[in-house]
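Engineer: Starting off with a structure, shown below.
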Amino acid sequence: MFNVNRRYIADFDWALFALALGVAAFGVLEISSVEPSPGLWRKQLVGLGIGLVLMFVTTLYDYRRVVNASPYLYGIGIVLLALVLTPLGKTVNGNRSWLYFGSFGFQPSEMAKIFTLLFLSYYLAGVKKRPLDLQTIVIAAGIWAVPTALVFLENDTGSALSFTSFFAATLFLAGVRWSWVAAALGALVIGLVVSAPMIKNCKSYKCERIKAVYWPDLAEKRFRYQNDQAEIAVGSGAIIGKGPGGSTQGTLGFVPEVHNDFIFAVASEEWGFVGSSISLTIYLLIIARLIQIARRSRERVGLLLVAGLAALLLYHVTVNVGMVVRLLPIMGIPLPLMSHGSTSVVATCFGLGLAISVRLRRYVN
């Protein structure tokens with residue numbers, strides 16, 4: 001079960017570890033630069049420390065044993081998500097996504113993403129028929145739908161949509177028919193075209209967030225404020241930025257949630273186009289490394305698991321940066337390893353640990 005030897009040290013994916021540690025350290029630096037309350041960067045360091053320990057422990061443990069336990073982990077995730085909707089749950093920034101036991105609080109949705117990905121990989125890897133039949137797809141959709149619906153009920157639309165990223169990736173790689181893929185994409189396009197006029201006339205919070213990006217003249221000013229300030233922060237960074245601690249938009253509080261979902265805005269202001277491009281390149285290298293691990297996996301479950309994790313990280317990076325630069329509506333998605341939040345950091349480290357475990361055992365039957 002546990003095996004630490006020279007081969008483990010030599011075959012450990014130190015490149016992936018270094019990339020993840022680098023972007024996490026950059027996140028701690030930026031949080032310390034603009035923290036709206038004292039001690040946030042220390043809390044982030046604690047969360048990162050816990051995450052790194054969990055990552056290494058996970059690499060020592062055969063990932064197939066974790067996958068085999070995925071039905072139980074999935075059940076635990078569902079129970080925790082359901083508890084959020086009870087009096088134990090707490091609403092933060094409009095989302096009822098936090099679960100508190102005394103003074104200890106965390107976001108179950110972050111770990112539920114990894115648990116659901118594990119269970120989907122476990123189920124789809126066990127299906128031998130190719131292409132997938134309708135019954136298999138319905139069961140997989142059920143596995144995906146339960147946690148997604150619970151997260152949506154928490155009013156956390158961004159996290160709910162994140163479940164779709166790895167669901168689509170694992171389903172596609174498991175062997176869904178191309179005609180069904182085309183039909184799903186066609187339905188999505190039609191849905192967007194049909195819903196556009198409805199959104200323009202809608203006055204709900206979510207509609208206003210969408211209009212603030214695509215039809216700013218129709219949106220209320222208070223819903224455009226965060227987009228406007230983030231744009232100013234990114235633009236004022238110019239090419240090389242204002243240097244560490246030089247973010248006026250962040251330190252003066254013009255950009256709300258600058259240490260969480262909008263950490264990329266302050267990073268862009270302090271380090272400019274060059275710094276933000278480097279950080280995005282690191283994320284691209286992490287995702288590329290995960291795809292490489294997935295392709296070299298000897299087992300189908302390893303392929304689905306790591307590819308699903310790559311899709312999930314790609315979704316988070318794309319949506320978070322898209323929010324900051326006003327390409328996508330604001331929906332409360334953290335930037336992996338950089339945004340403040342111990343639960344997100346620990347969950348990401350757990351996922352990366354599973355990926356490294358797949359790599360370490362690619363020659364083991």
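Numbering starts fresh at 1 for the residues of each chain in the structure tokens, the chains themselves are lettered A, B, ... in the order given, and ligands are numbered from 1 as they appear.
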Under the rule of at most 7 Å, produce a per-residue listing of region 223-319 of chain A near region 158-167 of chain A: chain, number, name, the closest pair of atoms, and the distance in Å, as CSV, using only C-alpha atoms.
Structural biologist:
residue,atom,partner,partner_atom,distance
A:Gly308,CA,A:Phe166,CA,4.5
A:Leu309,CA,A:Phe166,CA,6.8
A:Ala311,CA,A:Phe166,CA,5.4
A:Leu312,CA,A:Phe166,CA,5.5
A:Tyr315,CA,A:Ser165,CA,6.5
Engineer: Which parts of region 64-295 of chain A does DSSP call alpha helix (DSSP H) when run on the backbone here, written out as a ChimeraX atom specification?
Structural biologist: /A:64-68,70-84,108-125,134-153,157-174,178-200,205-214,221-236,248-251,263-295
Engineer: A:Gly126, A:Pro334, A:Gly105, A:Gly77: which is nearest Ile263 (chain A), counting only C-alpha atoms?
Structural biologist: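 Going through A:Gly126, A:Pro334, A:Gly105, A:Gly77 one by one, the smallest distance to Ile263 (chain A) is for A:Pro334.
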Engineer: Which residues of region 40-108 of chain A have any atom within 12 Å of an atom in region 250-259 of chain A when counting only C-alpha atoms, and what is the closest pair of atoms for each, with the distance in Å to one decimal? Order the rows by chain and rising number and write it as JSON lines.
Structural biologist:
{"residue": "A:Leu40", "atom": "CA", "partner": "A:His259", "partner_atom": "CA", "distance": 8.7}
{"residue": "A:Trp41", "atom": "CA", "partner": "A:His259", "partner_atom": "CA", "distance": 9.4}
{"residue": "A:Gln44", "atom": "CA", "partner": "A:His259", "partner_atom": "CA", "distance": 10.5}
{"residue": "A:Val92", "atom": "CA", "partner": "A:Glu257", "partner_atom": "CA", "distance": 11.6}
{"residue": "A:Asn93", "atom": "CA", "partner": "A:Glu257", "partner_atom": "CA", "distance": 9.5}
Engineer: Select from region 47-143 of chain A everything DSSP, run on the backbone, classes as strand (DSSP E or B), then give the selection as a list of chain:residue names.
Structural biologist: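 Selecting the strand (DSSP E or B) positions of region 47-143 of chain A gives A:Gly89, A:Lys90, A:Thr91, A:Val92, A:Asn95, A:Arg96, A:Ser97, A:Trp98, A:Leu99, A:Tyr100, A:Phe101, A:Phe104, A:Gly105, A:Phe106.
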Engineer: Can you tell me, as number ranges by chain, what residues are no more than 10 Å from Tyr100 (chain A) when counting only C-alpha atoms, ignoring any on the same chain fewer than 4 positions away?
Structural biologist: A: 83-84, 87-90, 104-107
Engineer: Quick one: residues within 12 Å of Asn155 (chain A), only C-alpha atoms counted, chain neighbours fewer than 6 positions away excluded, as a PyMOL selection string?
Structural biologist: chain A and resi 84-85+90-98+109+148-149+161+205-206+331-332
Engineer: Find the residue from A:Val79, A:Ile199, A:Leu337, A:Arg64 that sits nearest to Leu354 (chain A); use only C-alpha atoms when measuring.
Structural biologist: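 Among A:Val79, A:Ile199, A:Leu337, A:Arg64, it is A:Arg64 that comes nearest to Leu354 (chain A).
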Engineer: What lies within 8 Å of region 18-27 of chain A using only C-alpha atoms, ignoring chain neighbours under 4 positions off, as a PyMOL selection string?
Structural biologist: chain A and resi 14+31+48+263+279+282-283+285-286+337-340
Engineer: Kindly indicate which residue among A:Gly186, A:Val345, A:Gly175, A:Ile356 lies nearest to Ile9 (chain A), using only C-alpha atoms for the distances.
Structural biologist: A:Ile356
Engineer: Which residues, written as an NGL selection string, have at least one atom at most 8 Å from Ile287 (chain A), with only C-alpha atoms counted and residues fewer than 3 positions away on the same chain left out?
Structural biologist: :A and (283-284 or 290-291 or 310 or 313-314)
Engineer: Within 6 Å of Pro108 (chain A), counting only C-alpha atoms, which residues show up once you throw out same-chain ones fewer than 3 positions away? Write them as a PyMOL selection string, please.
Structural biologist: chain A and resi 80-81+111-112
Engineer: Work out how far CA of Ser277 (chain A) is from CA of Ala238 (chain A), in Å to one decimal.
Structural biologist: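 Spanning CA of Ala238 (chain A) to CA of Ser277 (chain A) is a straight-line distance of 12.0 Å.
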